[in-house]
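First up is the structure itself, then whatever we jot down about it.
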Amino acid sequence: MSDFTPPFRADHVGSLLRPAAIAEARKAGLTGAALREIEDREIPALIKMQEEVGLKVVTDGEARRAFWHYDFMGMLDGLDIIETGSDTLGFKGATVTQIAQVNGPLDFPADHPMLEHFQFVAQNTKVCPKISIPGPSAVHFRVTPSTNKHAPYADQDLFMADIAKTYRKAVQAFYDAGCRYLQLDDIFFAYLGDENQREIRRQMGQAPDRLIKQYAWMLEEAIKDRPADMLIGMHMCRGNFRSTFVATGGYDAAADAIFNQTSVDVYFMEYDSERAGGLEPLRLLPKGNKRVLPGFITTKTPQLESLDDLKRQFDAASKFVDMDQLGIAPQCGFASTEEGNDLTVDDQRRKLELVVKTAEALWGEA
């Protein structure tokens with residue numbers, strides 16, 4: 001097995017603060033080939049930074065995206081991202097004004113741009129390239145009854161089956177593009193641990209606990225037939241936009257579904273504050289090769305965690321899951337949207353360096 005074959009003890013969720021040149025170009029309204037030229041010039045430096053801090057896995061920092069999930073979703077057949085002009089997502093102290101609208105049958109197009117985005121990373125690194133895409137739950141959760149304009153999808157079972165089919169096609173397409181480490185950001189399992197979010201779903205006629213099981217079914221349908229040499233990661237958090245959040249609540253409602261009803265290999269789990277609840281749900285991780293990367297290092301603030309504190313937190317986690325099935329990653333991305341979180345590029349680098357340092361201290365390897 002190569003030194004750069006996943007899983008790794010040190011990892012990260014994927015998004016990084018946008019290089020100034022890319023941010024300025026997008027603000028100036030550049031699109032198409034003009035924007036891509038700047039992205040192609042700047043992203044190799046992002047990749048190099050990840051390699052320099054000692055990570056064995058790198059991404060493009062999601063630098064070609066405005067939003068962690070809307071870009072990917074809007075590139076699917078049958079789904080469009082619509083600007084509303086009013087707040088839609090409920091972040092604490094920040095406003096997002098887009099919605100996802102389904103206008104026809106869902107499908108994953110053969111020319112989905114993010115296939116090339118992944119290949120660019122693979123061509124510009126000597127370590128393991130990874131891409132993170134929104135998981136199947138993102139499509140269902142973001143398309144509400146009022147934004148579901150495709151009449152057959154009033155049948156929720158059909159809607160979910162088509163989401164799963166679309167993602168199954170996506171997983172194979174990324175594999176064919178050379179991807180051996182695919183991460184699905186399925187954050188809405190964590191949202192459904194928040195009573196406010198559960199009530200919103202009830203008002204839509206959806207039962208939260210049943211929804212969790214359906215989301216696990218969609219995820220497993222999407223990944224179950226992947227080739228044996230393709231690793232699947234899964235990230236969960238409670239919202240990340242300009243260092244703000246949406247949901248509060250533990251993993252208790254979702255733990256059995258994510259750990260035991262899916263064949264996910266690596267779990268990126270937000271654990272940087274009391275909003276994520278206790279570590280007890282980790283006891284449901286089955287013994288074997290699955291790995292949890294608890295996000296004890298936050299991306300929301302610049303303050304650097306201490307190695308001693310992190311060691312104590314892992315000691316607490318080891319009461320519920322064997323240390324050999326643990327690793328470390330930050331709690332979320334540094335820039336789930338192009339605006340980025342409230343910290344600097346230097347803060348970001350120090351956080352990633354700490355991820356690697358912690359892995360080396362606890363497991364002797366990154």
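Numbering starts fresh at 1 for the residues of each chain in the structure tokens, the chains themselves are lettered A, B, ... in the order given, and ligands are numbered from 1 as they appear.
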Using the chain letters and numbers from this document, which residues of range 154-333 of chain A does DSSP assign to helix (DSSP H, G or I), as a ChimeraX atom specification? /A:154,156-176,188-191,195-203,208-223,255-260,274-276,280-284,307-317,323-325
Give me a file of those residues, with C-alpha atoms, as an mmCIF file, in the first residue's frame.
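Result went into result.cif, see below:
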data_model
loop_
_atom_site.group_PDB
_atom_site.id
_atom_site.type_symbol
_atom_site.label_atom_id
_atom_site.label_comp_id
_atom_site.auth_asym_id
_atom_site.auth_seq_id
_atom_site.Cartn_x
_atom_site.Cartn_y
_atom_site.Cartn_z
ATOM 1 C CA ALA A 154 -44.402 14.691 -5.366
ATOM 2 C CA GLN A 156 -41.044 11.215 -2.286
ATOM 3 C CA ASP A 157 -39.980 7.604 -2.784
ATOM 4 C CA LEU A 158 -39.529 8.242 -6.505
ATOM 5 C CA PHE A 159 -37.685 11.493 -5.788
ATOM 6 C CA MET A 160 -35.272 9.760 -3.420
ATOM 7 C CA ALA A 161 -34.779 6.831 -5.792
ATOM 8 C CA ASP A 162 -33.809 9.236 -8.577
ATOM 9 C CA ILE A 163 -31.440 11.117 -6.256
ATOM 10 C CA ALA A 164 -29.761 7.803 -5.388
ATOM 11 C CA LYS A 165 -29.580 6.815 -9.059
ATOM 12 C CA THR A 166 -28.044 10.184 -9.947
ATOM 13 C CA TYR A 167 -25.403 9.814 -7.251
ATOM 14 C CA ARG A 168 -24.632 6.211 -8.166
ATOM 15 C CA LYS A 169 -23.834 7.503 -11.644
ATOM 16 C CA ALA A 170 -21.715 10.313 -10.141
ATOM 17 C CA VAL A 171 -19.679 7.914 -8.001
ATOM 18 C CA GLN A 172 -18.829 5.789 -11.044
ATOM 19 C CA ALA A 173 -18.033 8.862 -13.131
ATOM 20 C CA PHE A 174 -15.554 10.144 -10.549
ATOM 21 C CA TYR A 175 -13.968 6.703 -10.354
ATOM 22 C CA ASP A 176 -13.616 6.627 -14.135
ATOM 23 C CA PHE A 188 -28.109 17.032 7.091
ATOM 24 C CA PHE A 189 -27.849 13.914 9.225
ATOM 25 C CA ALA A 190 -26.465 16.314 11.844
ATOM 26 C CA TYR A 191 -29.122 18.955 11.141
ATOM 27 C CA GLU A 195 -35.254 20.066 17.331
ATOM 28 C CA ASN A 196 -35.953 23.245 15.356
ATOM 29 C CA GLN A 197 -34.867 21.559 12.133
ATOM 30 C CA ARG A 198 -36.927 18.482 13.013
ATOM 31 C CA GLU A 199 -40.006 20.641 13.506
ATOM 32 C CA ILE A 200 -39.471 22.355 10.155
ATOM 33 C CA ARG A 201 -39.479 18.913 8.550
ATOM 34 C CA ARG A 202 -42.629 17.911 10.391
ATOM 35 C CA GLN A 203 -44.319 21.037 9.035
ATOM 36 C CA PRO A 208 -37.373 13.293 10.961
ATOM 37 C CA ASP A 209 -36.333 9.827 12.162
ATOM 38 C CA ARG A 210 -37.715 8.201 9.026
ATOM 39 C CA LEU A 211 -35.882 10.834 6.999
ATOM 40 C CA ILE A 212 -32.591 9.833 8.623
ATOM 41 C CA LYS A 213 -33.146 6.218 7.572
ATOM 42 C CA GLN A 214 -34.109 7.314 4.056
ATOM 43 C CA TYR A 215 -30.978 9.453 3.803
ATOM 44 C CA ALA A 216 -28.876 6.470 4.876
ATOM 45 C CA TRP A 217 -30.620 4.375 2.210
ATOM 46 C CA MET A 218 -29.899 6.978 -0.496
ATOM 47 C CA LEU A 219 -26.269 7.204 0.540
ATOM 48 C CA GLU A 220 -25.780 3.455 0.548
ATOM 49 C CA GLU A 221 -27.552 3.039 -2.790
ATOM 50 C CA ALA A 222 -25.137 5.587 -4.236
ATOM 51 C CA ILE A 223 -21.920 3.966 -2.972
ATOM 52 C CA ALA A 255 -25.332 7.520 14.659
ATOM 53 C CA ASP A 256 -26.764 4.064 14.026
ATOM 54 C CA ALA A 257 -27.871 5.012 10.513
ATOM 55 C CA ILE A 258 -24.567 6.507 9.424
ATOM 56 C CA PHE A 259 -22.340 3.889 11.066
ATOM 57 C CA ASN A 260 -24.327 0.703 10.548
ATOM 58 C CA GLU A 274 -21.069 21.855 22.771
ATOM 59 C CA ARG A 275 -23.436 22.242 19.798
ATOM 60 C CA ALA A 276 -22.238 18.845 18.542
ATOM 61 C CA GLU A 280 -21.201 8.770 23.352
ATOM 62 C CA PRO A 281 -22.640 8.101 19.841
ATOM 63 C CA LEU A 282 -19.147 6.991 18.763
ATOM 64 C CA ARG A 283 -19.750 3.752 20.665
ATOM 65 C CA LEU A 284 -22.006 2.649 17.805
ATOM 66 C CA LEU A 307 -1.908 19.802 21.547
ATOM 67 C CA ASP A 308 -2.411 18.908 25.213
ATOM 68 C CA ASP A 309 -6.107 19.730 25.026
ATOM 69 C CA LEU A 310 -6.458 17.696 21.856
ATOM 70 C CA LYS A 311 -4.758 14.723 23.506
ATOM 71 C CA ARG A 312 -7.239 14.957 26.381
ATOM 72 C CA GLN A 313 -10.161 15.026 23.941
ATOM 73 C CA PHE A 314 -8.889 11.948 22.150
ATOM 74 C CA ASP A 315 -8.439 10.225 25.477
ATOM 75 C CA ALA A 316 -12.136 10.925 26.125
ATOM 76 C CA ALA A 317 -13.098 9.663 22.649
ATOM 77 C CA MET A 323 -7.859 4.742 19.005
ATOM 78 C CA ASP A 324 -6.904 2.693 15.967
ATOM 79 C CA GLN A 325 -10.237 3.687 14.409
#
Using only C-alpha atoms, can you tell me which of A:Gln98, A:Gly340, A:Pro145, A:Leu76 comes closest to Ala20 in chain A?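 Nearest candidate to Ala20 in chain A out of A:Gln98, A:Gly340, A:Pro145, A:Leu76: A:Gly340.
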Please provide as a short mmCIF file (atom, residue, chain, number, x, y, z; two decimals) with C-alpha atoms, in the first residue's frame all residues within 7 Å of His150 in chain A, with the sequence filter that same-chain residues fewer than 6 positions apart are discarded (counting only C-alpha atoms).
data_model
loop_
_atom_site.label_atom_id
_atom_site.label_comp_id
_atom_site.auth_asym_id
_atom_site.auth_seq_id
_atom_site.Cartn_x
_atom_site.Cartn_y
_atom_site.Cartn_z
CA VAL A 102 -36.10 20.86 -9.35
CA ASN A 103 -37.59 21.42 -12.79
CA GLY A 104 -37.29 17.98 -14.38
#
Neighbour list for Gly333 in chain A as a PyMOL selection string, cut-off 10 Å, only C-alpha atoms, skip fewer than 6 positions in-chain: chain A and resi 12-17+61-62+68+235+237+240-241+298-300+340-341
For the residues in the current selection, export N, CA and C atoms as a CSV table (one decimal), in the first residue's frame.
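out05.csv was written with the following content:
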chain,number,residue,atom,x,y,z
A,12,HIS,N,-8.5,16.7,6.0
A,12,HIS,CA,-9.3,17.9,6.2
A,12,HIS,C,-10.5,17.8,5.3
A,13,VAL,N,-11.5,18.6,5.6
A,13,VAL,CA,-12.8,18.5,5.0
A,13,VAL,C,-12.8,18.9,3.5
A,14,GLY,N,-12.0,19.9,3.2
A,14,GLY,CA,-11.8,20.2,1.7
A,14,GLY,C,-11.7,21.6,1.4
A,15,SER,N,-12.6,22.5,1.9
A,15,SER,CA,-12.6,23.9,1.4
A,15,SER,C,-11.5,24.7,2.1
A,16,LEU,N,-11.0,25.7,1.4
A,16,LEU,CA,-9.9,26.6,1.9
A,16,LEU,C,-10.3,28.0,1.6
A,17,LEU,N,-9.7,28.9,2.3
A,17,LEU,CA,-9.9,30.3,2.0
A,17,LEU,C,-9.5,30.6,0.6
A,61,GLY,N,-9.4,23.0,-2.7
A,61,GLY,CA,-9.9,24.1,-1.7
A,61,GLY,C,-11.3,24.5,-2.1
A,62,GLU,N,-11.9,23.8,-3.1
A,62,GLU,CA,-13.2,24.2,-3.6
A,62,GLU,C,-13.2,25.7,-4.1
A,68,TRP,N,-20.5,25.4,-1.2
A,68,TRP,CA,-20.0,24.0,-1.1
A,68,TRP,C,-20.9,23.0,-1.8
A,235,HIS,N,-18.8,13.8,5.5
A,235,HIS,CA,-18.7,14.9,6.4
A,235,HIS,C,-20.0,15.3,7.0
A,237,CYS,N,-21.8,18.4,9.6
A,237,CYS,CA,-21.6,19.5,10.5
A,237,CYS,C,-23.0,20.2,10.6
A,240,ASN,N,-22.0,26.2,8.1
A,240,ASN,CA,-20.7,26.8,8.1
A,240,ASN,C,-20.7,27.9,7.0
A,241,PHE,N,-21.0,29.1,7.4
A,241,PHE,CA,-21.1,30.3,6.5
A,241,PHE,C,-20.6,31.5,7.2
A,298,THR,N,-11.4,23.7,15.4
A,298,THR,CA,-12.4,24.5,14.7
A,298,THR,C,-11.8,25.3,13.5
A,299,THR,N,-12.7,25.5,12.5
A,299,THR,CA,-12.3,26.4,11.4
A,299,THR,C,-13.1,27.8,11.5
A,300,LYS,N,-13.8,27.9,12.6
A,300,LYS,CA,-14.7,29.1,12.7
A,300,LYS,C,-14.0,30.3,13.3
A,340,GLY,N,-15.7,32.8,2.9
A,340,GLY,CA,-14.7,32.2,3.9
A,340,GLY,C,-15.1,32.6,5.3
A,341,ASN,N,-14.5,31.8,6.2
A,341,ASN,CA,-14.7,32.0,7.7
A,341,ASN,C,-13.8,33.2,8.2
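You will find CA of Thr344 in chain A at 27.9 Å from CA of Tyr181 in chain A.
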Near Gly295 in chain A, within 8 Å and counting only C-alpha atoms, which residues show up once chain neighbours fewer than 6 positions away are dropped, as a CSV table (one decimal) with all heavy atoms, in the first residue's frame?
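Result file follows (result_13.csv):
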chain,number,residue,atom,x,y,z
A,268,PHE,N,-16.1,12.3,8.9
A,268,PHE,CA,-15.6,13.6,9.4
A,268,PHE,C,-16.7,14.2,10.2
A,268,PHE,O,-17.8,14.6,9.7
A,268,PHE,CB,-15.3,14.5,8.2
A,268,PHE,CG,-14.2,14.1,7.3
A,268,PHE,CD1,-14.3,13.1,6.4
A,268,PHE,CD2,-12.9,14.7,7.4
A,268,PHE,CE1,-13.3,12.7,5.5
A,268,PHE,CE2,-11.9,14.3,6.6
A,268,PHE,CZ,-12.1,13.3,5.6
A,269,MET,N,-16.5,14.3,11.5
A,269,MET,CA,-17.6,14.7,12.4
A,269,MET,C,-17.2,15.9,13.2
A,269,MET,O,-16.3,15.9,14.0
A,269,MET,CB,-17.9,13.5,13.4
A,269,MET,CG,-18.4,12.2,12.6
A,269,MET,SD,-18.7,10.8,13.7
A,269,MET,CE,-20.2,11.3,14.5
A,270,GLU,N,-18.1,16.9,13.0
A,270,GLU,CA,-17.9,18.2,13.8
A,270,GLU,C,-18.0,17.9,15.3
A,270,GLU,O,-18.9,17.3,15.8
A,270,GLU,CB,-19.0,19.2,13.4
A,270,GLU,CG,-18.9,20.5,14.1
A,270,GLU,CD,-20.1,21.4,13.6
A,270,GLU,OE1,-21.2,21.0,13.6
A,270,GLU,OE2,-19.7,22.5,13.2
A,271,TYR,N,-16.9,18.4,16.0
A,271,TYR,CA,-16.9,18.2,17.5
A,271,TYR,C,-16.1,19.3,18.1
A,271,TYR,O,-15.4,19.1,19.1
A,271,TYR,CB,-16.2,16.9,17.8
A,271,TYR,CG,-17.2,15.8,18.1
A,271,TYR,CD1,-17.2,14.6,17.4
A,271,TYR,CD2,-18.2,15.9,19.1
A,271,TYR,CE1,-18.1,13.5,17.6
A,271,TYR,CE2,-19.1,14.8,19.4
A,271,TYR,CZ,-19.0,13.7,18.7
A,271,TYR,OH,-19.9,12.6,18.9
A,272,ASP,N,-16.3,20.6,17.6
A,272,ASP,CA,-15.5,21.7,18.2
A,272,ASP,C,-16.2,22.5,19.2
A,272,ASP,O,-15.7,23.5,19.7
A,272,ASP,CB,-15.1,22.6,17.0
A,272,ASP,CG,-16.2,23.3,16.3
A,272,ASP,OD1,-17.3,22.7,16.2
A,272,ASP,OD2,-16.1,24.4,15.9
A,328,ILE,N,-7.7,12.6,12.7
A,328,ILE,CA,-8.1,13.9,13.1
A,328,ILE,C,-8.2,14.8,11.8
A,328,ILE,O,-7.4,14.6,10.8
A,328,ILE,CB,-7.1,14.6,14.1
A,328,ILE,CG1,-7.6,16.0,14.4
A,328,ILE,CG2,-5.7,14.6,13.5
A,328,ILE,CD1,-6.9,16.6,15.7
A,329,ALA,N,-9.2,15.7,11.8
A,329,ALA,CA,-9.4,16.7,10.8
A,329,ALA,C,-10.1,17.8,11.4
A,329,ALA,O,-10.7,17.7,12.5
A,329,ALA,CB,-10.3,16.1,9.7
A,330,PRO,N,-10.0,19.0,10.8
A,330,PRO,CA,-10.8,20.2,11.4
A,330,PRO,C,-12.3,19.9,11.3
A,330,PRO,O,-12.7,19.0,10.6
A,330,PRO,CB,-10.4,21.3,10.4
A,330,PRO,CG,-9.1,20.9,9.8
A,330,PRO,CD,-9.2,19.4,9.7
A,331,GLN,N,-13.0,20.6,12.1
A,331,GLN,CA,-14.5,20.4,12.2
A,331,GLN,C,-15.2,20.6,10.9
A,331,GLN,O,-16.3,20.0,10.7
A,331,GLN,CB,-15.0,21.2,13.4
A,331,GLN,CG,-16.3,22.0,13.2
A,331,GLN,CD,-16.0,23.4,12.5
A,331,GLN,OE1,-14.9,23.9,12.5
A,331,GLN,NE2,-17.1,24.0,12.0
A,332,CYS,N,-14.8,21.5,10.1
A,332,CYS,CA,-15.4,21.8,8.8
A,332,CYS,C,-14.4,22.4,7.8
A,332,CYS,O,-13.2,22.4,8.1
A,332,CYS,CB,-16.6,22.7,9.1
A,332,CYS,SG,-17.8,22.8,7.7
Tell me, counting only C-alpha atoms, for each residue of range 50-89 of chain A within 12 Å of range 113-135 of chain A, which pair of atoms is nearest and how far apart they are in Å to one decimal, in rows ordered by chain and increasing number, as a Markdown table.
| residue | atom | partner | partner_atom | distance |
| --- | --- | --- | --- | --- |
| A:Gln50 | CA | A:Thr125 | CA | 9.9 |
| A:Glu51 | CA | A:Val127 | CA | 7.6 |
| A:Glu52 | CA | A:Val127 | CA | 11.1 |
| A:Gly54 | CA | A:Val127 | CA | 10.1 |
| A:Leu55 | CA | A:Val127 | CA | 8.3 |
| A:Lys56 | CA | A:Val127 | CA | 5.4 |
| A:Val57 | CA | A:Cys128 | CA | 4.5 |
| A:Val58 | CA | A:Pro129 | CA | 5.2 |
| A:Thr59 | CA | A:Lys130 | CA | 5.3 |
| A:Asp60 | CA | A:Val121 | CA | 6.1 |
| A:Gly61 | CA | A:Ile131 | CA | 9.0 |
| A:Glu62 | CA | A:Ser132 | CA | 8.2 |
| A:Ala63 | CA | A:His117 | CA | 9.8 |
| A:Arg64 | CA | A:His117 | CA | 8.1 |
| A:Arg65 | CA | A:Met114 | CA | 9.8 |
| A:Phe67 | CA | A:Pro134 | CA | 10.2 |
| A:Trp68 | CA | A:Pro134 | CA | 7.1 |
| A:His69 | CA | A:Pro134 | CA | 5.1 |
| A:Tyr70 | CA | A:Pro134 | CA | 8.4 |
| A:Asp71 | CA | A:Met114 | CA | 9.3 |
| A:Phe72 | CA | A:Ile133 | CA | 6.9 |
| A:Met73 | CA | A:Pro134 | CA | 7.8 |
| A:Gly74 | CA | A:Pro113 | CA | 10.8 |
| A:Met75 | CA | A:Pro113 | CA | 7.5 |
| A:Leu76 | CA | A:Pro113 | CA | 9.9 |
Atomic separation - CA of Val53 in chain A relative to CA of Leu279 in chain A, Å: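 It comes out at 28.3 Å.
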Atomic separation - CA of Thr248 in chain A relative to CA of Val355 in chain A, Å: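 The value is 24.6 Å.
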Taking into account only C-alpha atoms, which residue in the set A:Glu305, A:Gly364, A:Val321, A:Gly233 is nearest to Asp11 in chain A?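 Between A:Glu305, A:Gly364, A:Val321, A:Gly233, the residue approaching Asp11 in chain A most closely is A:Gly233.
Candidate residues A:Met49, A:Gly32, A:Phe8, A:Glu338 were compared for distance to Leu352 in chain A, and the nearest is A:Met49, using only C-alpha atoms.
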Please extract the residues of range 99-211 of chain A with a backbone DSSP assignment of strand (DSSP E) and present them as a PyMOL selection string. chain A and resi 99-107+128-129+131-134+181-185
Restricting it to N, CA, C and O atoms, dump the selection as an mmCIF file, in the first residue's frame.
data_model
loop_
_atom_site.group_PDB
_atom_site.id
_atom_site.type_symbol
_atom_site.label_atom_id
_atom_site.label_comp_id
_atom_site.auth_asym_id
_atom_site.auth_seq_id
_atom_site.Cartn_x
_atom_site.Cartn_y
_atom_site.Cartn_z
ATOM 1 N N ILE A 99 -32.006 29.304 -3.480
ATOM 2 C CA ILE A 99 -32.759 28.080 -3.237
ATOM 3 C C ILE A 99 -32.470 27.093 -4.354
ATOM 4 O O ILE A 99 -32.043 27.471 -5.447
ATOM 5 N N ALA A 100 -32.691 25.818 -4.053
ATOM 6 C CA ALA A 100 -32.558 24.767 -5.062
ATOM 7 C C ALA A 100 -33.948 24.420 -5.582
ATOM 8 O O ALA A 100 -34.871 24.191 -4.794
ATOM 9 N N GLN A 101 -34.079 24.386 -6.898
ATOM 10 C CA GLN A 101 -35.378 24.113 -7.506
ATOM 11 C C GLN A 101 -35.241 22.984 -8.524
ATOM 12 O O GLN A 101 -34.394 23.039 -9.412
ATOM 13 N N VAL A 102 -36.085 21.965 -8.386
ATOM 14 C CA VAL A 102 -36.105 20.862 -9.349
ATOM 15 C C VAL A 102 -37.140 21.159 -10.422
ATOM 16 O O VAL A 102 -38.301 21.443 -10.114
ATOM 17 N N ASN A 103 -36.706 21.095 -11.677
ATOM 18 C CA ASN A 103 -37.586 21.425 -12.794
ATOM 19 C C ASN A 103 -37.807 20.260 -13.758
ATOM 20 O O ASN A 103 -38.538 20.400 -14.744
ATOM 21 N N GLY A 104 -37.156 19.131 -13.484
ATOM 22 C CA GLY A 104 -37.292 17.984 -14.376
ATOM 23 C C GLY A 104 -36.603 16.778 -13.777
ATOM 24 O O GLY A 104 -36.122 16.830 -12.644
ATOM 25 N N PRO A 105 -36.529 15.676 -14.512
ATOM 26 C CA PRO A 105 -35.895 14.462 -13.993
ATOM 27 C C PRO A 105 -34.426 14.716 -13.647
ATOM 28 O O PRO A 105 -33.698 15.348 -14.424
ATOM 29 N N LEU A 106 -33.988 14.223 -12.502
ATOM 30 C CA LEU A 106 -32.596 14.389 -12.084
ATOM 31 C C LEU A 106 -31.689 13.424 -12.831
ATOM 32 O O LEU A 106 -32.056 12.283 -13.092
ATOM 33 N N ASP A 107 -30.469 13.899 -13.124
ATOM 34 C CA ASP A 107 -29.468 13.021 -13.723
ATOM 35 C C ASP A 107 -28.098 13.656 -13.534
ATOM 36 O O ASP A 107 -27.984 14.875 -13.337
ATOM 37 N N CYS A 128 -2.229 12.155 -2.445
ATOM 38 C CA CYS A 128 -3.556 11.651 -2.804
ATOM 39 C C CYS A 128 -4.514 12.804 -3.115
ATOM 40 O O CYS A 128 -4.765 13.652 -2.258
ATOM 41 N N PRO A 129 -5.083 12.855 -4.316
ATOM 42 C CA PRO A 129 -6.087 13.874 -4.628
ATOM 43 C C PRO A 129 -7.463 13.440 -4.134
ATOM 44 O O PRO A 129 -7.831 12.267 -4.230
ATOM 45 N N ILE A 131 -11.746 14.875 -3.810
ATOM 46 C CA ILE A 131 -12.761 15.894 -4.059
ATOM 47 C C ILE A 131 -13.921 15.651 -3.110
ATOM 48 O O ILE A 131 -14.267 14.498 -2.816
ATOM 49 N N SER A 132 -14.478 16.732 -2.598
ATOM 50 C CA SER A 132 -15.679 16.646 -1.763
ATOM 51 C C SER A 132 -16.850 17.201 -2.562
ATOM 52 O O SER A 132 -16.741 18.249 -3.189
ATOM 53 N N ILE A 133 -17.941 16.455 -2.551
ATOM 54 C CA ILE A 133 -19.166 16.903 -3.210
ATOM 55 C C ILE A 133 -20.311 16.777 -2.202
ATOM 56 O O ILE A 133 -20.216 15.991 -1.257
ATOM 57 N N PRO A 134 -21.392 17.540 -2.377
ATOM 58 C CA PRO A 134 -22.527 17.384 -1.458
ATOM 59 C C PRO A 134 -23.111 15.987 -1.593
ATOM 60 O O PRO A 134 -23.185 15.438 -2.693
ATOM 61 N N TYR A 181 -10.625 8.545 -3.869
ATOM 62 C CA TYR A 181 -11.026 9.039 -2.547
ATOM 63 C C TYR A 181 -12.067 10.127 -2.775
ATOM 64 O O TYR A 181 -11.741 11.260 -3.136
ATOM 65 N N LEU A 182 -13.319 9.763 -2.582
ATOM 66 C CA LEU A 182 -14.448 10.672 -2.805
ATOM 67 C C LEU A 182 -15.118 10.962 -1.476
ATOM 68 O O LEU A 182 -15.440 10.044 -0.720
ATOM 69 N N GLN A 183 -15.320 12.230 -1.191
ATOM 70 C CA GLN A 183 -15.983 12.633 0.052
ATOM 71 C C GLN A 183 -17.365 13.191 -0.243
ATOM 72 O O GLN A 183 -17.531 14.034 -1.124
ATOM 73 N N LEU A 184 -18.357 12.710 0.494
ATOM 74 C CA LEU A 184 -19.731 13.185 0.360
ATOM 75 C C LEU A 184 -20.075 14.011 1.599
ATOM 76 O O LEU A 184 -20.015 13.502 2.722
ATOM 77 N N ASP A 185 -20.399 15.261 1.395
ATOM 78 C CA ASP A 185 -20.774 16.130 2.509
ATOM 79 C C ASP A 185 -22.273 15.952 2.757
ATOM 80 O O ASP A 185 -23.103 16.566 2.089
#
